[in-house]
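Undergrad: I'm passing along run17.csv; it holds CSV, C-alpha atoms.
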chain,number,residue,atom,x,y,z
A,1119,MET,CA,20.4,-6.4,9.4
A,1120,LEU,CA,22.7,-5.4,12.3
A,1121,CYS,CA,20.5,-7.3,14.7
A,1122,GLU,CA,20.7,-10.4,12.6
A,1123,LYS,CA,24.5,-10.1,12.4
A,1124,THR,CA,25.3,-9.3,16.0
A,1125,GLY,CA,22.3,-10.5,18.0
A,1126,ALA,CA,21.5,-7.0,19.1
A,1127,LEU,CA,17.9,-6.1,20.1
A,1128,LEU,CA,16.0,-3.4,18.3
A,1129,LYS,CA,13.6,-1.3,20.4
A,1130,VAL,CA,11.3,1.1,18.7
A,1131,ILE,CA,10.3,4.5,20.0
A,1132,PRO,CA,6.5,4.7,19.6
A,1133,MET,CA,4.7,7.8,18.3
A,1134,ASN,CA,1.3,9.4,19.1
A,1135,LEU,CA,-1.5,10.2,16.6
A,1136,ASN,CA,0.0,13.5,15.7
A,1137,GLY,CA,3.1,11.7,14.5
A,1138,GLU,CA,5.3,12.8,17.4
A,1139,LEU,CA,7.7,10.5,19.3
A,1140,GLU,CA,6.6,9.5,22.7
A,1141,MET,CA,9.5,10.8,24.7
A,1142,ASP,CA,8.5,9.3,28.1
A,1143,THR,CA,8.6,5.9,26.5
A,1144,TYR,CA,11.9,6.7,24.9
A,1145,SER,CA,13.4,7.5,28.4
A,1146,GLN,CA,12.2,4.1,29.7
A,1147,LEU,CA,13.6,2.3,26.7
A,1148,LEU,CA,17.1,3.6,27.4
A,1149,SER,CA,19.4,1.6,29.6
A,1150,ASP,CA,23.1,1.0,30.1
A,1151,LYS,CA,22.7,-1.8,27.6
A,1152,THR,CA,21.8,0.7,24.8
A,1153,LYS,CA,24.6,1.0,22.3
A,1154,LEU,CA,23.2,3.1,19.6
A,1155,VAL,CA,20.1,5.4,19.2
A,1156,PHE,CA,19.0,5.9,15.6
A,1157,VAL,CA,16.5,8.6,14.8
A,1158,ASN,CA,15.6,10.6,11.7
A,1159,HIS,CA,15.9,14.4,12.2
A,1160,ILE,CA,12.6,14.9,10.3
A,1161,SER,CA,10.1,12.2,9.4
A,1162,ASN,CA,10.1,11.8,5.6
A,1163,ALA,CA,6.5,10.4,5.7
A,1164,LEU,CA,5.0,13.0,8.1
A,1165,GLY,CA,7.3,16.0,8.3
A,1166,THR,CA,7.6,15.9,12.1
A,1167,ILE,CA,10.8,17.5,13.4
A,1168,ASN,CA,12.0,15.2,16.1
A,1169,PRO,CA,13.4,16.7,19.3
A,1170,ILE,CA,16.9,15.3,18.6
A,1171,GLU,CA,18.6,17.6,21.1
A,1172,LYS,CA,16.8,15.9,24.0
A,1173,ILE,CA,17.2,12.5,22.3
A,1174,ILE,CA,21.0,12.9,22.1
A,1175,GLU,CA,21.3,14.2,25.6
A,1176,GLN,CA,19.4,11.3,27.1
A,1177,ALA,CA,21.2,8.8,25.0
A,1178,HIS,CA,24.6,10.2,26.1
A,1179,ALA,CA,23.5,10.0,29.7
A,1180,VAL,CA,23.4,6.2,29.5
A,1181,GLY,CA,26.5,6.0,27.3
A,1182,ALA,CA,24.8,5.3,24.0
A,1183,ALA,CA,26.0,6.8,20.7
A,1184,VAL,CA,23.5,8.6,18.4
A,1185,LEU,CA,23.1,8.5,14.7
A,1186,ILE,CA,20.8,11.0,13.1
A,1187,ASP,CA,19.4,10.5,9.6
A,1188,GLY,CA,19.2,14.1,8.2
A,1189,ALA,CA,18.2,13.2,4.7
A,1190,GLN,CA,14.7,14.9,5.0
A,1191,ALA,CA,16.1,17.7,7.2
A,1192,ALA,CA,18.8,18.7,4.8
A,1193,PRO,CA,16.7,21.0,2.6
A,1194,HIS,CA,15.0,22.7,5.5
A,1195,ILE,CA,17.4,22.9,8.4
A,1196,LYS,CA,21.1,23.6,8.8
A,1197,PRO,CA,22.2,21.3,11.6
A,1198,ASP,CA,25.0,22.4,13.9
A,1199,VAL,CA,26.6,19.0,14.6
A,1200,GLN,CA,28.9,20.4,17.2
A,1201,ALA,CA,26.2,22.1,19.2
A,1202,LEU,CA,24.0,19.1,18.9
A,1203,ASP,CA,26.9,17.0,20.2
A,1204,VAL,CA,25.7,14.2,17.8
A,1205,ASP,CA,28.0,11.2,17.2
A,1206,PHE,CA,27.0,10.6,13.6
A,1207,TYR,CA,24.9,12.6,11.2
A,1208,VAL,CA,24.1,11.5,7.6
A,1209,THR,CA,22.4,13.1,4.7
A,1210,SER,CA,22.1,12.7,0.9
A,1211,ALA,CA,23.2,15.3,-1.7
A,1212,HIS,CA,20.1,15.0,-3.9
A,1213,LYS,CA,17.9,16.3,-1.1
A,1214,ILE,CA,19.5,19.8,-1.4
A,1215,CYS,CA,19.7,20.2,-5.2
A,1216,GLY,CA,22.9,18.1,-5.4
A,1217,PRO,CA,23.6,15.1,-7.5
A,1218,THR,CA,22.3,11.5,-6.9
A,1219,GLY,CA,24.4,8.7,-5.5
A,1220,VAL,CA,26.5,10.8,-3.1
A,1221,GLY,CA,26.0,11.8,0.4
A,1222,MET,CA,27.7,12.7,3.6
A,1223,LEU,CA,28.6,11.0,6.9
A,1224,TYR,CA,29.6,13.2,9.7
A,1225,GLY,CA,31.2,11.4,12.6
A,1226,LYS,CA,33.0,12.5,15.7
A,1227,GLU,CA,36.7,12.1,15.3
A,1228,THR,CA,37.0,9.8,18.3
A,1229,TRP,CA,34.4,7.5,16.8
A,1230,LEU,CA,35.9,7.6,13.3
A,1231,GLU,CA,39.4,6.7,14.7
A,1232,LYS,CA,37.9,3.8,16.6
A,1233,LEU,CA,35.8,2.3,13.7
A,1234,PRO,CA,37.5,-0.1,11.2
A,1235,PRO,CA,37.3,0.6,7.5
A,1236,TYR,CA,34.2,-0.9,5.9
A,1237,GLN,CA,35.8,-1.5,2.5
A,1238,GLY,CA,39.3,-2.1,1.2
A,1239,GLY,CA,40.9,-0.5,-1.9
A,1240,GLY,CA,43.4,2.1,-3.1
A,1241,GLU,CA,44.2,5.2,-1.1
A,1242,MET,CA,43.0,3.8,2.3
A,1243,ILE,CA,46.2,2.1,3.4
A,1244,ALA,CA,49.4,3.5,4.9
A,1245,THR,CA,51.7,0.6,4.9
A,1246,VAL,CA,51.1,-2.9,3.6
A,1247,SER,CA,52.9,-6.1,4.4
A,1248,PHE,CA,51.8,-9.7,4.7
A,1249,GLU,CA,51.9,-9.5,8.5
A,1250,LYS,CA,50.2,-6.3,9.0
A,1251,THR,CA,48.4,-3.5,7.1
A,1252,THR,CA,48.0,-0.1,8.7
A,1253,TYR,CA,45.3,2.2,7.5
A,1254,ALA,CA,45.6,5.7,6.3
A,1255,GLY,CA,44.3,8.6,8.5
A,1256,LEU,CA,40.9,10.2,8.3
A,1257,PRO,CA,39.1,10.6,6.1
A,1258,HIS,CA,41.0,8.4,3.7
A,1259,LYS,CA,40.5,5.3,5.8
A,1260,PHE,CA,36.8,5.3,4.7
A,1261,GLU,CA,37.4,6.4,1.1
A,1262,ALA,CA,38.7,3.3,-0.6
A,1263,GLY,CA,39.4,3.3,-4.3
A,1264,THR,CA,38.5,6.1,-6.7
A,1265,PRO,CA,35.9,8.3,-5.0
A,1266,ASN,CA,32.9,9.9,-6.7
A,1267,ILE,CA,34.9,13.1,-7.4
A,1268,CYS,CA,32.4,14.8,-9.6
A,1269,GLY,CA,29.6,14.0,-7.2
A,1270,GLY,CA,31.6,15.5,-4.3
A,1271,ILE,CA,32.4,18.7,-6.2
A,1272,ALA,CA,28.8,19.1,-7.3
A,1273,PHE,CA,27.6,18.4,-3.7
A,1274,GLY,CA,29.9,21.2,-2.6
A,1275,ALA,CA,28.4,23.5,-5.2
A,1276,ALA,CA,24.9,22.6,-4.1
A,1277,ILE,CA,25.7,23.4,-0.4
A,1278,ASP,CA,27.2,26.8,-1.4
A,1279,TYR,CA,24.0,27.5,-3.4
A,1280,MET,CA,21.8,26.6,-0.5
A,1281,ASN,CA,23.9,28.7,1.9
A,1282,SER,CA,23.6,31.7,-0.6
A,1283,VAL,CA,19.8,31.4,-0.5
A,1284,GLY,CA,20.0,31.2,3.3
A,1285,PHE,CA,18.5,28.5,5.5
A,1286,ASP,CA,16.7,31.0,7.7
A,1287,ASP,CA,14.9,32.6,4.8
A,1288,ILE,CA,14.2,29.1,3.3
A,1289,ALA,CA,12.6,28.0,6.6
A,1290,ASP,CA,10.5,31.2,6.9
A,1291,TYR,CA,9.2,30.9,3.4
A,1292,GLU,CA,8.5,27.2,3.6
A,1293,ASN,CA,6.6,27.6,6.8
A,1294,GLU,CA,4.4,30.1,5.1
A,1295,LEU,CA,3.8,27.6,2.3
A,1296,LEU,CA,3.1,24.9,4.8
A,1297,ALA,CA,0.5,27.0,6.6
A,1298,TYR,CA,-1.1,28.1,3.4
A,1299,GLY,CA,-1.1,24.6,1.9
A,1300,THR,CA,-2.5,23.0,5.1
A,1301,GLU,CA,-5.3,25.6,5.3
A,1302,GLN,CA,-6.3,25.2,1.7
A,1303,LEU,CA,-6.1,21.4,1.6
A,1304,LEU,CA,-8.2,21.1,4.8
A,1305,LYS,CA,-11.0,22.9,3.1
A,1306,ILE,CA,-11.5,19.9,0.9
A,1307,ASP,CA,-14.2,17.7,2.4
A,1308,GLY,CA,-13.0,14.3,3.4
A,1309,LEU,CA,-9.3,15.2,3.3
A,1310,ARG,CA,-7.2,14.1,6.3
A,1311,ILE,CA,-3.6,15.1,7.0
A,1312,TYR,CA,-1.3,12.7,8.6
A,1313,GLY,CA,1.4,14.2,10.7
A,1314,THR,CA,0.0,17.2,12.6
A,1315,SER,CA,2.8,18.1,14.9
A,1316,LYS,CA,3.3,21.8,15.5
A,1317,ASN,CA,6.9,21.1,14.9
A,1318,LYS,CA,7.0,20.1,11.3
A,1319,THR,CA,8.5,21.0,8.0
A,1320,SER,CA,6.8,21.7,4.7
A,1321,VAL,CA,5.5,18.2,4.0
A,1322,ILE,CA,1.8,17.4,3.8
A,1323,SER,CA,0.9,13.8,3.8
A,1324,PHE,CA,-2.8,13.2,3.2
A,1325,ASN,CA,-5.5,10.9,2.0
A,1326,LEU,CA,-9.1,11.4,0.7
A,1327,LYS,CA,-11.7,9.5,2.5
A,1328,GLY,CA,-12.4,6.1,0.8
A,1329,ILE,CA,-9.9,6.8,-2.0
A,1330,HIS,CA,-6.6,5.0,-2.5
A,1331,PRO,CA,-3.5,7.3,-2.5
A,1332,TYR,CA,-2.3,5.7,-5.8
A,1333,ASP,CA,-5.4,6.8,-7.6
A,1334,VAL,CA,-5.0,10.4,-6.4
A,1335,GLY,CA,-1.3,10.3,-7.2
A,1336,THR,CA,-1.9,8.9,-10.7
A,1337,LEU,CA,-4.4,11.6,-11.6
A,1338,LEU,CA,-2.3,14.4,-10.1
A,1339,ASP,CA,0.6,13.1,-12.2
A,1340,LYS,CA,-1.5,13.3,-15.3
A,1341,MET,CA,-2.2,17.0,-14.4
A,1342,GLY,CA,1.5,17.7,-14.2
A,1343,ILE,CA,1.5,17.8,-10.4
A,1344,ALA,CA,4.4,15.9,-8.8
A,1345,VAL,CA,3.6,14.3,-5.5
A,1346,ARG,CA,4.8,11.0,-4.0
A,1347,THR,CA,2.4,8.3,-3.1
A,1348,GLY,CA,2.8,5.1,-1.2
A,1349,HIS,CA,4.2,4.1,2.2
A,1350,HIS,CA,7.4,6.3,1.7
A,1351,CYS,CA,9.4,3.3,2.9
A,1352,ALA,CA,7.8,3.8,6.3
A,1353,GLN,CA,5.4,0.8,6.4
A,1354,PRO,CA,5.2,0.8,10.3
A,1355,ILE,CA,3.9,4.3,10.2
A,1356,MET,CA,1.2,3.3,7.6
A,1357,ASP,CA,0.3,0.3,9.8
A,1358,PHE,CA,0.0,2.6,12.8
A,1359,TYR,CA,-2.6,4.7,11.0
A,1360,ASN,CA,-4.0,1.5,9.3
A,1361,ILE,CA,-3.7,3.0,5.8
A,1362,PRO,CA,-2.1,1.6,2.7
A,1363,GLY,CA,-0.1,4.8,2.2
A,1364,THR,CA,-0.5,8.5,1.7
A,1365,VAL,CA,-0.3,11.2,-1.0
A,1366,ARG,CA,2.6,13.5,0.0
A,1367,ALA,CA,3.2,17.0,-1.2
A,1368,SER,CA,6.6,18.4,-0.4
A,1369,PHE,CA,7.1,22.2,-0.7
A,1370,ALA,CA,10.6,23.6,-1.2
A,1371,PHE,CA,11.8,27.1,-1.3
A,1372,TYR,CA,11.3,27.3,-5.1
A,1373,ASN,CA,7.6,26.4,-4.9
A,1374,THR,CA,4.9,29.1,-4.9
A,1375,LYS,CA,1.4,29.6,-3.5
A,1376,GLU,CA,0.1,29.5,-7.0
A,1377,GLU,CA,1.5,26.0,-7.3
A,1378,ILE,CA,-0.3,25.1,-4.0
A,1379,ASP,CA,-3.5,26.4,-5.6
A,1380,ALA,CA,-2.9,24.1,-8.6
A,1381,LEU,CA,-2.5,21.2,-6.2
A,1382,VAL,CA,-5.7,22.0,-4.4
A,1383,THR,CA,-7.6,22.3,-7.7
A,1384,GLY,CA,-6.0,19.0,-8.8
A,1385,VAL,CA,-6.9,17.2,-5.7
A,1386,LYS,CA,-10.5,18.4,-6.0
A,1387,LYS,CA,-10.6,17.2,-9.6
A,1388,ALA,CA,-9.1,13.8,-8.7
A,1389,LYS,CA,-11.7,13.5,-6.0
A,1390,MET,CA,-14.5,14.2,-8.4
A,1391,MET,CA,-13.2,11.7,-11.0
A,1392,LEU,CA,-12.7,9.0,-8.4
A,1393,SER,CA,-15.9,9.2,-6.4
B,284,MET,CA,-17.1,-16.5,-28.5
B,285,GLN,CA,-14.7,-13.8,-29.4
B,286,SER,CA,-11.0,-14.7,-29.6
B,287,ILE,CA,-8.4,-12.8,-27.5
B,288,GLN,CA,-7.3,-10.9,-30.6
B,289,GLU,CA,-10.9,-9.8,-31.4
B,290,ILE,CA,-11.5,-8.6,-27.9
B,291,GLN,CA,-8.2,-6.7,-27.9
B,292,ALA,CA,-9.2,-5.1,-31.2
B,293,ASP,CA,-12.5,-4.0,-29.6
B,294,ILE,CA,-10.6,-2.5,-26.6
B,295,ILE,CA,-8.3,-0.6,-29.0
B,296,ASP,CA,-11.3,0.7,-30.8
B,297,GLU,CA,-13.0,1.9,-27.7
B,298,PHE,CA,-9.9,3.7,-26.4
B,299,SER,CA,-9.4,5.4,-29.8
B,300,MET,CA,-12.6,7.3,-29.2
B,301,PHE,CA,-11.2,9.2,-26.3
B,302,GLU,CA,-9.7,12.6,-26.9
B,303,ASP,CA,-7.6,13.1,-23.9
B,304,TRP,CA,-6.2,11.4,-20.8
B,305,GLU,CA,-9.1,12.5,-18.7
B,306,GLU,CA,-11.6,10.6,-20.7
B,307,ARG,CA,-9.4,7.6,-20.9
B,308,TYR,CA,-8.8,7.6,-17.1
B,309,GLN,CA,-12.4,8.2,-16.4
B,310,TYR,CA,-13.2,5.2,-18.5
B,311,MET,CA,-10.7,3.1,-16.6
B,312,ILE,CA,-12.1,4.3,-13.3
B,313,ASP,CA,-15.6,3.3,-14.4
B,314,LEU,CA,-14.3,-0.1,-15.5
B,315,GLY,CA,-12.8,-0.5,-12.1
B,316,LYS,CA,-16.1,0.3,-10.4
B,317,ASP,CA,-17.8,-2.3,-12.6
B,318,LEU,CA,-15.3,-5.1,-12.1
B,319,PRO,CA,-17.0,-8.1,-10.5
B,320,LEU,CA,-15.5,-8.4,-7.1
B,321,ILE,CA,-13.5,-11.5,-6.3
B,322,ASP,CA,-15.0,-13.9,-3.8
B,323,GLU,CA,-13.7,-12.7,-0.4
B,324,GLN,CA,-12.3,-16.2,0.3
B,325,TYR,CA,-9.8,-15.7,-2.6
B,326,LYS,CA,-8.4,-12.4,-1.3
B,327,THR,CA,-5.5,-14.3,0.3
B,328,GLU,CA,-1.9,-13.4,0.6
B,329,SER,CA,-1.0,-16.1,-2.0
B,330,ASN,CA,-3.3,-14.5,-4.5
B,331,ILE,CA,-1.7,-11.1,-4.3
B,332,ILE,CA,0.3,-10.1,-7.3
B,333,LYS,CA,3.8,-9.1,-6.4
B,334,GLY,CA,5.3,-6.0,-8.0
B,335,CYS,CA,2.1,-3.8,-7.8
B,336,GLN,CA,2.2,-0.9,-5.4
B,337,SER,CA,-1.4,-1.2,-4.7
B,338,LYS,CA,-2.8,-4.6,-3.7
B,339,VAL,CA,-4.1,-6.8,-6.5
B,340,TRP,CA,-5.7,-10.2,-6.0
B,341,VAL,CA,-6.4,-12.5,-8.9
B,342,HIS,CA,-8.1,-15.8,-8.7
B,343,ALA,CA,-8.3,-18.3,-11.6
B,344,GLU,CA,-10.7,-21.2,-12.1
B,345,MET,CA,-10.9,-23.7,-14.9
B,346,GLN,CA,-14.4,-24.3,-16.4
B,347,ASP,CA,-14.8,-26.5,-19.6
B,348,ASN,CA,-11.2,-26.1,-20.5
B,349,LYS,CA,-11.4,-22.3,-20.2
B,350,ILE,CA,-9.9,-20.1,-17.5
B,351,ALA,CA,-12.2,-17.7,-15.7
B,352,PHE,CA,-10.4,-14.9,-13.9
B,353,THR,CA,-11.8,-12.8,-11.0
B,354,ALA,CA,-9.9,-10.0,-9.4
B,355,ASP,CA,-9.9,-7.0,-7.1
B,356,SER,CA,-7.7,-4.2,-6.0
B,357,ASP,CA,-7.7,-1.6,-3.3
B,358,ALA,CA,-7.0,1.1,-5.9
B,359,ILE,CA,-9.7,1.9,-8.5
B,360,ILE,CA,-7.4,2.7,-11.4
B,361,THR,CA,-5.5,-0.5,-10.8
B,362,LYS,CA,-8.9,-2.3,-10.8
B,363,GLY,CA,-9.7,-0.7,-14.2
B,364,ILE,CA,-6.4,-1.9,-15.6
B,365,ILE,CA,-7.0,-5.5,-14.3
B,366,ALA,CA,-10.6,-5.3,-15.6
B,367,ILE,CA,-9.2,-4.6,-19.1
B,368,LEU,CA,-6.8,-7.5,-18.8
B,369,ILE,CA,-9.5,-9.9,-17.5
B,370,ARG,CA,-11.8,-8.9,-20.3
B,371,ALA,CA,-9.1,-9.9,-22.8
B,372,PHE,CA,-8.0,-13.1,-21.2
B,373,SER,CA,-10.9,-14.5,-19.2
B,374,ASN,CA,-13.0,-17.4,-20.5
B,375,GLN,CA,-10.2,-18.4,-22.9
B,376,HIS,CA,-8.4,-21.6,-23.4
B,377,PRO,CA,-5.1,-21.7,-21.5
B,378,LYS,CA,-3.1,-22.3,-24.7
B,379,ASP,CA,-4.5,-19.1,-26.3
B,380,ILE,CA,-3.7,-17.1,-23.1
B,381,ILE,CA,-0.1,-18.4,-23.1
B,382,GLU,CA,0.3,-17.5,-26.8
B,383,ALA,CA,-1.5,-14.2,-26.7
B,384,ASN,CA,0.3,-11.1,-27.8
B,385,THR,CA,-0.1,-8.1,-25.4
B,386,ASP,CA,0.8,-5.3,-27.7
B,387,PHE,CA,-2.7,-3.8,-27.3
B,388,ILE,CA,-1.5,-2.4,-23.9
B,389,ASP,CA,0.8,-0.1,-25.9
B,390,ASP,CA,-1.9,0.6,-28.6
B,391,ILE,CA,-4.4,1.9,-26.1
B,392,GLY,CA,-1.7,4.2,-24.7
B,393,LEU,CA,-1.9,2.5,-21.3
B,394,LYS,CA,1.8,1.9,-20.9
B,395,GLU,CA,2.9,5.4,-21.8
B,396,HIS,CA,0.4,6.8,-19.4
B,397,LEU,CA,1.6,4.8,-16.5
B,398,SER,CA,4.4,5.7,-14.2
B,399,PRO,CA,7.4,3.2,-14.1
B,400,THR,CA,6.3,1.5,-10.9
B,401,ARG,CA,2.8,1.1,-12.2
B,402,ALA,CA,4.1,-0.2,-15.6
B,403,ASN,CA,6.0,-2.8,-13.6
B,404,GLY,CA,2.7,-3.7,-11.9
B,405,LEU,CA,1.1,-4.1,-15.3
B,406,VAL,CA,3.9,-6.4,-16.4
B,407,SER,CA,3.4,-8.4,-13.2
B,408,MET,CA,-0.3,-8.7,-13.8
B,409,ILE,CA,0.1,-10.0,-17.3
B,410,LYS,CA,2.8,-12.4,-16.2
B,411,GLN,CA,0.5,-13.7,-13.4
B,412,LEU,CA,-2.4,-14.3,-15.8
B,413,LYS,CA,-0.1,-16.2,-18.1
B,414,LEU,CA,1.4,-18.2,-15.2
B,415,TYR,CA,-2.1,-19.4,-14.3
B,416,ALA,CA,-2.6,-20.4,-17.9
B,417,VAL,CA,0.7,-22.3,-18.0
B,418,ALA,CA,-0.3,-24.1,-14.8
B,419,TYR,CA,-3.7,-25.1,-16.2
B,420,GLN,CA,-2.2,-26.1,-19.5
B,421,THR,CA,0.1,-28.5,-17.7
B,422,GLN,CA,-2.9,-30.1,-16.1
B,423,LEU,CA,-4.5,-30.6,-19.5
B,424,ASN,CA,-1.5,-32.2,-21.0
Could you render the structure as structure tokens?
TA:
Amino acid sequence: MLCEKTGALLKVIPMNLNGELEMDTYSQLLSDKTKLVFVNHISNALGTINPIEKIIEQAHAVGAAVLIDGAQAAPHIKPDVQALDVDFYVTSAHKICGPTGVGMLYGKETWLEKLPPYQGGGEMIATVSFEKTTYAGLPHKFEAGTPNICGGIAFGAAIDYMNSVGFDDIADYENELLAYGTEQLLKIDGLRIYGTSKNKTSVISFNLKGIHPYDVGTLLDKMGIAVRTGHHCAQPIMDFYNIPGTVRASFAFYNTKEEIDALVTGVKKAKMMLS
Amino acid sequence: MQSIQEIQADIIDEFSMFEDWEERYQYMIDLGKDLPLIDEQYKTESNIIKGCQSKVWVHAEMQDNKIAFTADSDAIITKGIIAILIRAFSNQHPKDIIEANTDFIDDIGLKEHLSPTRANGLVSMIKQLKLYAVAYQTQLN
């Protein structure tokens, strides 16, 4: 959309079969013409943790700003935006037990001062006359009208809760679930996992040979097992693997090994019914 | 030749024999496997039904003032669903297809057992079959 509006050129960082970004190509794509680098912290379709530290460093070296989409990372990793030196970092509240329809944009102060408001409304102006309107300071400049107050308070409570559980413990436990789930699922004949980077979070995207992901997902749903099926809004990745989509099981800190066993039993049953 | 209503009553009858979702879905999967495949030449972009998460192709042909539907899908349960719809609507007069009631979908418990996105796909499928009927009816007039 931005390209259509401004005539900017979009260049895509390719990935390898494991679902990891090809960093050599990334370096070659960067030039002094690069204005913005946009990468997700973690791939929602494959679970790969992208090397955003290196990505940010290299982008800054050519004078480009970096925006990281942390929606998938939020439940697994606590990003240190200052250490990362990232220009913008966004995430959604509902990914970390928070309410829907509210999220967060972190931006460096220098950038936020420079950017114009994207929307007009109450609370975002300082002085108004017919000749000139000056805008309120940060963050009010970007918060026109009546904000989602309840959403904001609930988001805060969700963050407090996640912090009280502790992100380090969450990561350790989820890695254990990931290792167990991967091992158990791979025992099923004809099951292929997409996204096999060593650096990944507790997401397992898979397909059964010759079986459409929707069929597996529908039957798992009937068994009371919640997975997501489809292209996960990442069609280029599905085109890359030449598949219509995947079945994706996501494990969070509240899941258990017993639930993974139920998933494995469910997938076996679905396979039996469908073949 | 059975009317659409009679066929729908048969389908409701068949589904009432199943005791649980598993039997019902196994039946749909088997129906999907039996569905006569569409001629490859009709699996075109323009024959894809929009609104389904899996790909569904439907082709319609008029023979002796009756519409014959053929279809295929890349997902087997979707194929089963379209097989049920085709059984109800194929080889019928366009006017009857246009006027047909589709409550049987609810009666066989298909709608309640489908996720919202799939239910949308189901609505799209019925709409597409009816649109073909409208198009052929216009030719007849």
Undergrad: Taking only C-alpha atoms into account, what are the residues of chain A at most 12 Å from chain B, put as a VMD selection string?
TA: chain A and resid 1328 to 1342 1344 1346 to 1351 1361 to 1364 1387 to 1393
Undergrad: Please compute the atom CA of A:Leu1164-atom CA of A:Tyr1207 distance, one decimal, in Å.
TA: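 About the pair atom CA of A:Leu1164 and atom CA of A:Tyr1207: they are 20.1 Å apart.
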Undergrad: For A:Thr1314, list every protein, DNA or RNA residue within 12 Å, evaluated using all atoms listed in the file, and leave out those in the same chain fewer than 6 positions away; present the list as a list of chain:residue names.
TA: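 The neighbour list is A:Met1133, A:Asn1134, A:Leu1135, A:Asn1136, A:Gly1137, A:Glu1138, A:Ser1161, A:Ala1163, A:Leu1164, A:Gly1165, A:Thr1166, A:Ile1167, A:Leu1296, A:Ala1297, A:Thr1300, A:Leu1304, A:Ser1320, A:Val1321, A:Ile1322, A:Ser1323, A:Phe1324.
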Undergrad: Up to 10 Å from (25.2, 8.6, -6.9) in the file's coordinates: name the residues, counting all atoms listed in the file, as a PyMOL selection string.
TA: chain A and resi 1210-1212+1216-1221+1266+1268-1270
Undergrad: Can you sort out the box for stretch 345-359 of chain B, edges along x, y and z, all listed atoms in, 5 Å on every side, with centre and edge lengths in Å to one decimal, as AutoDock Vina command-line options?
TA:
--center_x -10.9 --center_y -12.3 --center_z -11.9 --size_x 17.8 --size_y 38.4 --size_z 27.2
Undergrad: One decimal, Å: what's the distance from atom CA of A:Val1208 over to atom CA of A:Glu1227, could you say?
TA: 14.8 Å
Undergrad: So the first atom is atom CA of A:Tyr1253 and the second is atom CA of A:Phe1156; what is the distance between them in Å, to one decimal place?
TA: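 Between atom CA of A:Tyr1253 and atom CA of A:Phe1156 the gap is 27.8 Å.
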Undergrad: Write out as a short mmCIF file (atom, residue, chain, number, x, y, z; two decimals) with C-alpha atoms, keeping the file's coordinate frame which residues come within 12 Å of A:Ala1126 when counting all atoms listed in the file, dropping same-chain ones fewer than 2 positions away.
TA:
data_model
loop_
_atom_site.label_atom_id
_atom_site.label_comp_id
_atom_site.auth_asym_id
_atom_site.auth_seq_id
_atom_site.Cartn_x
_atom_site.Cartn_y
_atom_site.Cartn_z
CA MET A 1119 20.40 -6.40 9.40
CA LEU A 1120 22.70 -5.40 12.30
CA CYS A 1121 20.50 -7.30 14.70
CA GLU A 1122 20.70 -10.40 12.60
CA LYS A 1123 24.50 -10.10 12.40
CA THR A 1124 25.30 -9.30 16.00
CA LEU A 1128 16.00 -3.40 18.30
CA LYS A 1129 13.60 -1.30 20.40
CA LYS A 1151 22.70 -1.80 27.60
CA THR A 1152 21.80 0.70 24.80
CA LYS A 1153 24.60 1.00 22.30
CA LEU A 1154 23.20 3.10 19.60
#
Undergrad: Give me, as a JSON list (two decimals) with C-alpha atoms, in the coordinates of the input, all polymer residues having an atom no more than 12 Å from A:Glu1377, counting all atoms listed in the file and skipping those fewer than 5 positions away in the same chain.
TA:
[["chain", "number", "residue", "atom", "x", "y", "z"],
["A", 1295, "LEU", "CA", 3.80, 27.60, 2.30],
["A", 1298, "TYR", "CA", -1.10, 28.10, 3.40],
["A", 1299, "GLY", "CA", -1.10, 24.60, 1.90],
["A", 1302, "GLN", "CA", -6.30, 25.20, 1.70],
["A", 1342, "GLY", "CA", 1.50, 17.70, -14.20],
["A", 1343, "ILE", "CA", 1.50, 17.80, -10.40],
["A", 1344, "ALA", "CA", 4.40, 15.90, -8.80],
["A", 1367, "ALA", "CA", 3.20, 17.00, -1.20],
["A", 1368, "SER", "CA", 6.60, 18.40, -0.40],
["A", 1369, "PHE", "CA", 7.10, 22.20, -0.70],
["A", 1370, "ALA", "CA", 10.60, 23.60, -1.20],
["A", 1371, "PHE", "CA", 11.80, 27.10, -1.30],
["A", 1372, "TYR", "CA", 11.30, 27.30, -5.10],
["A", 1382, "VAL", "CA", -5.70, 22.00, -4.40],
["A", 1383, "THR", "CA", -7.60, 22.30, -7.70],
["A", 1384, "GLY", "CA", -6.00, 19.00, -8.80]]
Undergrad: Quick one: of A:Gly1225, A:Gly1255, A:Gly1274, A:Pro1265, who's nearest to A:Asp1203, counting all atoms listed in the file?
TA: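 Looking only at the distances to A:Asp1203, the closest residue turns out to be A:Gly1225.
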Undergrad: Residues at most 10 Å from B:Ile331, counting all atoms listed in the file, excluding those fewer than 5 positions away in the same chain, as an MDAnalysis selection string?
TA: chainID B and resid 325:326 337:342 354:356 408 411
Undergrad: Go ahead and save the residues from that selection, with C-alpha atoms, as a short mmCIF file (atom, residue, chain, number, x, y, z; two decimals), in the frame of the given file.
TA:
data_model
loop_
_atom_site.label_atom_id
_atom_site.label_comp_id
_atom_site.auth_asym_id
_atom_site.auth_seq_id
_atom_site.Cartn_x
_atom_site.Cartn_y
_atom_site.Cartn_z
CA TYR B 325 -9.80 -15.70 -2.60
CA LYS B 326 -8.40 -12.40 -1.30
CA SER B 337 -1.40 -1.20 -4.70
CA LYS B 338 -2.80 -4.60 -3.70
CA VAL B 339 -4.10 -6.80 -6.50
CA TRP B 340 -5.70 -10.20 -6.00
CA VAL B 341 -6.40 -12.50 -8.90
CA HIS B 342 -8.10 -15.80 -8.70
CA ALA B 354 -9.90 -10.00 -9.40
CA ASP B 355 -9.90 -7.00 -7.10
CA SER B 356 -7.70 -4.20 -6.00
CA MET B 408 -0.30 -8.70 -13.80
CA GLN B 411 0.50 -13.70 -13.40
#
